[in-house]
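Down below is the structure, laid out as structure tokens.
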Amino acid sequence: MSRVYNFSAGPAVLPESVLKEAAAEMLEYKGTGMSVMEMSHRSKAYEEIIKTAEQDLRDLMNIPDNYKVLFLQGGASQQFAMIPMNLMKNKVADYIVTGQWAKKAYEEGKIYGKANCIASSADKTFSYIPDCSDLPISEDADYVYICENNTIYGTKFKTLPNTKGKTLVSDVSSCFLSEPVDVSKYGIIYGGVQKNIGPAGVVIVIIREDLITEDTLSGTPTMLKYKIHADNESLYNTPPAYGIYICGKVFKWLKEMGGLEKMKEHNEKKAAILYDFLDQSKMFKGTVVKEDRSLMNVPFVTGSDELDAKFIKEAKAAGFENLKGHRSVGGMRASIYNAMPIEGVKALVEFMGKFEAENSK
Ligand SMILES: *Cc1c(COP(=O)(O)O)cnc(C)c1O
């Protein structure tokens, strides 16, 4: 059995050491006589797991004390509804639409109030981040919403929008823990973990305490109230217990790797290998404006559907999996999250060079 280089956008590659540790603890976790999957979420052993995971995440991200960390379910997509249900006091919110996930959040926001699209990059198939230095922020906006790293299109906000004092809400699903962030600039920073942190089924919401109130939209289900989860420390009901345990292991791995500064350096180095290749290639082209390029998701094309298909097929046979671009854009996409080793990127670039040489006239 051998592991492939998995360039999937999500669920995605996890650190091999984490998988091995989990395998070793599968039948019996630390003297409890059972696996983590089998234990009560109210047991001492599990309490230790979830508390340690939260503390390690707080350490990694320098999360200020006036923020709660919630481990929830429903994926990032459930937050598209949960955010307006909990935050729309004036029933107004501004959205910056930089891709499909931002668009979905915006469409969901419209169900609950007046959601405004105040900037968009749809005019050029989301290949850039619009200038957000002086946007028409609504006077009564409850929040300004962004998707910080656009998984499908491969763009990333390099500077946060000027929200003119309004609460910033950010979906960081595909750049979670890829570099340091200043949590204090956000009201909510959240993401599904299946891109860069752990198994699908967990979504982490980091939320400033003053945004957690009883005052939700009428009809908000109990399970969709931040306050219920905050008051119960993510144990109101049974949490996605095994997934949180794996996330905890990834947090430990990140600490061992040297934390988020080191991760950022590592990610920049990896991405540069691929972008440098794309910039000199006569066959492969990146699809995103240079200054907005993501460190995590790298879409590229040859310009020929036929050649794209041939490349994806031959890459797969050579052990490079999941390079097909999102069904909405086509071409290729290499997702090079934290756990993708630099050797994987180097090997991919070498393979691309070989493919280019073999397939150019
Ligand atoms: C994958 C993804 C989502 C959707 O996540 P689900 O957990 O499947 O709901 C939302 N936003 C971004 C940026 C994503 O990459």
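Ligands are numbered from 1 in the order shown, chains are lettered A, B, ... in the order of the structure tokens, and residues start at 1 in each chain.
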Inset, instruction - Go through segment 87-168 of chain A and collect every residue that DSSP, computed from the backbone, puts in strand (DSSP E); the answer should be as JSON, numbers by chain. - result: {"A": [92, 93, 94, 95, 96, 97, 114, 115, 116, 117, 118, 119, 120, 144, 145, 146, 147, 149, 150, 155, 156, 168]}
Inset, instruction - Could you give me the residues within 9 Å of ligand 1, counting only C-alpha atoms and all ligand atoms, as a count of residues only? - result: 37
Inset, instruction - Within segment 75-128 of chain A, find each residue whose DSSP state, derived from the backbone, is helix (DSSP H, G or I), and express the selection as a ChimeraX atom specification. - result: /A:75-87,100-112,122-124
Export N, CA and C atoms of the chosen residues as a short mmCIF file (atom, residue, chain, number, x, y, z; two decimals), in the first residue's frame?
```cif
data_model
loop_
_atom_site.label_atom_id
_atom_site.label_comp_id
_atom_site.auth_asym_id
_atom_site.auth_seq_id
_atom_site.Cartn_x
_atom_site.Cartn_y
_atom_site.Cartn_z
N GLY A 75 -21.26 21.90 8.92
CA GLY A 75 -20.35 22.41 7.90
C GLY A 75 -20.33 23.93 7.83
N ALA A 76 -19.48 24.44 6.96
CA ALA A 76 -19.43 25.88 6.77
C ALA A 76 -20.78 26.38 6.25
N SER A 77 -21.43 25.56 5.44
CA SER A 77 -22.69 26.00 4.81
C SER A 77 -23.78 26.32 5.82
N GLN A 78 -23.79 25.64 6.94
CA GLN A 78 -24.81 25.96 7.94
C GLN A 78 -24.58 27.35 8.55
N GLN A 79 -23.32 27.76 8.56
CA GLN A 79 -23.04 29.11 9.08
C GLN A 79 -23.63 30.19 8.18
N PHE A 80 -23.84 29.87 6.91
CA PHE A 80 -24.42 30.86 6.00
C PHE A 80 -25.78 31.33 6.55
N ALA A 81 -26.50 30.43 7.24
CA ALA A 81 -27.78 30.79 7.86
C ALA A 81 -27.60 31.23 9.31
N MET A 82 -26.73 30.54 10.01
CA MET A 82 -26.57 30.80 11.45
C MET A 82 -26.08 32.23 11.70
N ILE A 83 -25.21 32.72 10.82
CA ILE A 83 -24.67 34.07 11.00
C ILE A 83 -25.79 35.11 10.94
N PRO A 84 -26.58 35.17 9.86
CA PRO A 84 -27.67 36.16 9.89
C PRO A 84 -28.68 35.92 11.01
N MET A 85 -29.01 34.69 11.29
CA MET A 85 -29.99 34.42 12.35
C MET A 85 -29.57 34.99 13.70
N ASN A 86 -28.26 35.01 13.93
CA ASN A 86 -27.76 35.48 15.22
C ASN A 86 -27.30 36.94 15.20
N LEU A 87 -26.91 37.43 14.04
CA LEU A 87 -26.29 38.76 14.00
C LEU A 87 -27.16 39.86 13.41
N GLN A 100 -18.05 31.31 -5.36
CA GLN A 100 -19.29 30.56 -5.12
C GLN A 100 -19.69 30.47 -3.66
N TRP A 101 -18.70 30.33 -2.78
CA TRP A 101 -19.06 30.19 -1.36
C TRP A 101 -19.57 31.50 -0.80
N ALA A 102 -18.95 32.60 -1.21
CA ALA A 102 -19.43 33.91 -0.78
C ALA A 102 -20.83 34.15 -1.34
N LYS A 103 -21.04 33.71 -2.59
CA LYS A 103 -22.33 33.92 -3.23
C LYS A 103 -23.42 33.12 -2.51
N LYS A 104 -23.08 31.90 -2.13
CA LYS A 104 -24.06 31.09 -1.40
C LYS A 104 -24.41 31.73 -0.06
N ALA A 105 -23.41 32.26 0.61
CA ALA A 105 -23.66 32.92 1.90
C ALA A 105 -24.55 34.14 1.69
N TYR A 106 -24.26 34.88 0.61
CA TYR A 106 -25.05 36.07 0.28
C TYR A 106 -26.50 35.71 -0.02
N GLU A 107 -26.70 34.68 -0.83
CA GLU A 107 -28.07 34.24 -1.17
C GLU A 107 -28.81 33.81 0.10
N GLU A 108 -28.10 33.12 0.98
CA GLU A 108 -28.73 32.66 2.23
C GLU A 108 -29.08 33.88 3.11
N GLY A 109 -28.19 34.84 3.12
CA GLY A 109 -28.44 36.05 3.91
C GLY A 109 -29.73 36.74 3.52
N LYS A 110 -30.04 36.68 2.22
CA LYS A 110 -31.26 37.33 1.70
C LYS A 110 -32.54 36.76 2.29
N ILE A 111 -32.48 35.51 2.75
CA ILE A 111 -33.66 34.88 3.33
C ILE A 111 -34.06 35.58 4.63
N TYR A 112 -33.04 36.14 5.32
CA TYR A 112 -33.29 36.64 6.67
C TYR A 112 -33.37 38.15 6.78
N ALA A 122 -17.39 38.92 -9.97
CA ALA A 122 -18.07 38.03 -10.92
C ALA A 122 -17.81 38.42 -12.37
N ASP A 123 -17.52 39.72 -12.61
CA ASP A 123 -17.32 40.19 -13.99
C ASP A 123 -16.15 39.49 -14.67
N LYS A 124 -15.18 39.04 -13.91
CA LYS A 124 -14.03 38.33 -14.51
C LYS A 124 -13.88 36.95 -13.88
#
```
Legend entry - Spatial neighbours of Tyr5 of chain A, max dist 9 Å, only C-alpha atoms, sep filter under 2 positions, as a PyMOL selection string: chain A and resi 3+7+13+319-322+340-341+344-345+348
Legend entry - Of the listed residues A:Ala241, A:Val289, A:Ile63, A:Ala272, that which approaches Arg208 of chain A most closely, counting only C-alpha atoms: A:Ile63
Inset, instruction - Select, from A:His326, A:His229, A:Lys89, A:Lys44, the residue with the minimum atom-to-atom distance to Phe300 of chain A, counting only C-alpha atoms. - result: A:His326
Inset, instruction - Tell me, as a list of chain:residue names, which residues lie within 10 Å of Asn162 of chain A, counting only C-alpha atoms; anything in the same chain fewer than 4 positions away does not count. - result: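 The contact residues come out as A:Asp131, A:Cys132, A:Ser133, A:Asp134, A:Leu135, A:Ile137, A:Val144, A:Lys166, A:Leu168.
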Inset, instruction - Within 7 Å of Met296 of chain A, counting only C-alpha atoms, which residues show up once you throw out same-chain ones fewer than 5 positions away? Write them as a PyMOL selection string, please. - result: chain A and resi 175+335-337
Legend entry - Nearest to Arg58 of chain A, chosen from A:Asn232, A:Ala115, A:Leu177, A:Ser40, with only C-alpha atoms counted in the distances: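 Looking at the shortest contact to Arg58 of chain A, the residue is A:Leu177.
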Legend entry - Test item: residues at most 8 Å from Ser127 of chain A, only C-alpha atoms, excluding those fewer than 4 positions along its chain, as a list in words: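 Listing them by chain and then by number gives Ser121, Tyr153, Gly154, Thr155, Thr287, Val288 and Val289 of chain A.
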Could you please take those selected residues and save all heavy atoms as a PDB file, in the first residue's frame?
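Saved result, selection-v2.pdb, follows:
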```pdb
ATOM      1  N   SER A 121     -16.429  40.164  -7.815  1.00  0.00           N
ATOM      2  CA  SER A 121     -15.474  39.952  -8.903  1.00  0.00           C
ATOM      3  C   SER A 121     -16.058  38.985  -9.940  1.00  0.00           C
ATOM      4  O   SER A 121     -15.328  38.338 -10.681  1.00  0.00           O
ATOM      5  CB  SER A 121     -14.129  39.450  -8.366  1.00  0.00           C
ATOM      6  OG  SER A 121     -14.306  38.340  -7.517  1.00  0.00           O
ATOM      7  N   TYR A 153     -11.745  29.317  -6.889  1.00  0.00           N
ATOM      8  CA  TYR A 153     -11.098  30.199  -7.863  1.00  0.00           C
ATOM      9  C   TYR A 153      -9.642  30.495  -7.550  1.00  0.00           C
ATOM     10  O   TYR A 153      -8.907  30.993  -8.399  1.00  0.00           O
ATOM     11  CB  TYR A 153     -11.900  31.501  -7.998  1.00  0.00           C
ATOM     12  CG  TYR A 153     -13.307  31.204  -8.447  1.00  0.00           C
ATOM     13  CD1 TYR A 153     -14.334  31.044  -7.531  1.00  0.00           C
ATOM     14  CD2 TYR A 153     -13.587  30.977  -9.791  1.00  0.00           C
ATOM     15  CE1 TYR A 153     -15.619  30.704  -7.935  1.00  0.00           C
ATOM     16  CE2 TYR A 153     -14.856  30.633 -10.201  1.00  0.00           C
ATOM     17  CZ  TYR A 153     -15.866  30.493  -9.275  1.00  0.00           C
ATOM     18  OH  TYR A 153     -17.120  30.143  -9.681  1.00  0.00           O
ATOM     19  N   GLY A 154      -9.213  30.213  -6.300  1.00  0.00           N
ATOM     20  CA  GLY A 154      -7.806  30.382  -5.951  1.00  0.00           C
ATOM     21  C   GLY A 154      -7.371  31.809  -5.689  1.00  0.00           C
ATOM     22  O   GLY A 154      -6.219  32.161  -5.954  1.00  0.00           O
ATOM     23  N   THR A 155      -8.294  32.629  -5.154  1.00  0.00           N
ATOM     24  CA  THR A 155      -7.912  33.985  -4.750  1.00  0.00           C
ATOM     25  C   THR A 155      -7.969  34.108  -3.238  1.00  0.00           C
ATOM     26  O   THR A 155      -8.679  33.367  -2.565  1.00  0.00           O
ATOM     27  CB  THR A 155      -8.852  35.054  -5.342  1.00  0.00           C
ATOM     28  OG1 THR A 155     -10.189  34.754  -4.925  1.00  0.00           O
ATOM     29  CG2 THR A 155      -8.765  35.099  -6.844  1.00  0.00           C
ATOM     30  N   THR A 287      -4.733  31.031 -13.392  1.00  0.00           N
ATOM     31  CA  THR A 287      -5.950  31.722 -13.855  1.00  0.00           C
ATOM     32  C   THR A 287      -6.278  32.964 -13.026  1.00  0.00           C
ATOM     33  O   THR A 287      -7.314  33.586 -13.227  1.00  0.00           O
ATOM     34  CB  THR A 287      -7.152  30.770 -13.797  1.00  0.00           C
ATOM     35  OG1 THR A 287      -7.269  30.275 -12.460  1.00  0.00           O
ATOM     36  CG2 THR A 287      -7.010  29.612 -14.754  1.00  0.00           C
ATOM     37  N   VAL A 288      -5.405  33.307 -12.091  1.00  0.00           N
ATOM     38  CA  VAL A 288      -5.725  34.346 -11.116  1.00  0.00           C
ATOM     39  C   VAL A 288      -4.730  35.489 -11.230  1.00  0.00           C
ATOM     40  O   VAL A 288      -3.563  35.252 -11.549  1.00  0.00           O
ATOM     41  CB  VAL A 288      -5.652  33.707  -9.702  1.00  0.00           C
ATOM     42  CG1 VAL A 288      -5.627  34.754  -8.615  1.00  0.00           C
ATOM     43  CG2 VAL A 288      -6.796  32.729  -9.497  1.00  0.00           C
ATOM     44  N   VAL A 289      -5.155  36.725 -10.984  1.00  0.00           N
ATOM     45  CA  VAL A 289      -4.196  37.839 -11.017  1.00  0.00           C
ATOM     46  C   VAL A 289      -3.164  37.629  -9.901  1.00  0.00           C
ATOM     47  O   VAL A 289      -3.495  37.198  -8.806  1.00  0.00           O
ATOM     48  CB  VAL A 289      -4.869  39.233 -10.882  1.00  0.00           C
ATOM     49  CG1 VAL A 289      -5.897  39.460 -11.968  1.00  0.00           C
ATOM     50  CG2 VAL A 289      -5.480  39.423  -9.515  1.00  0.00           C
TER      51      VAL A 289
END
```
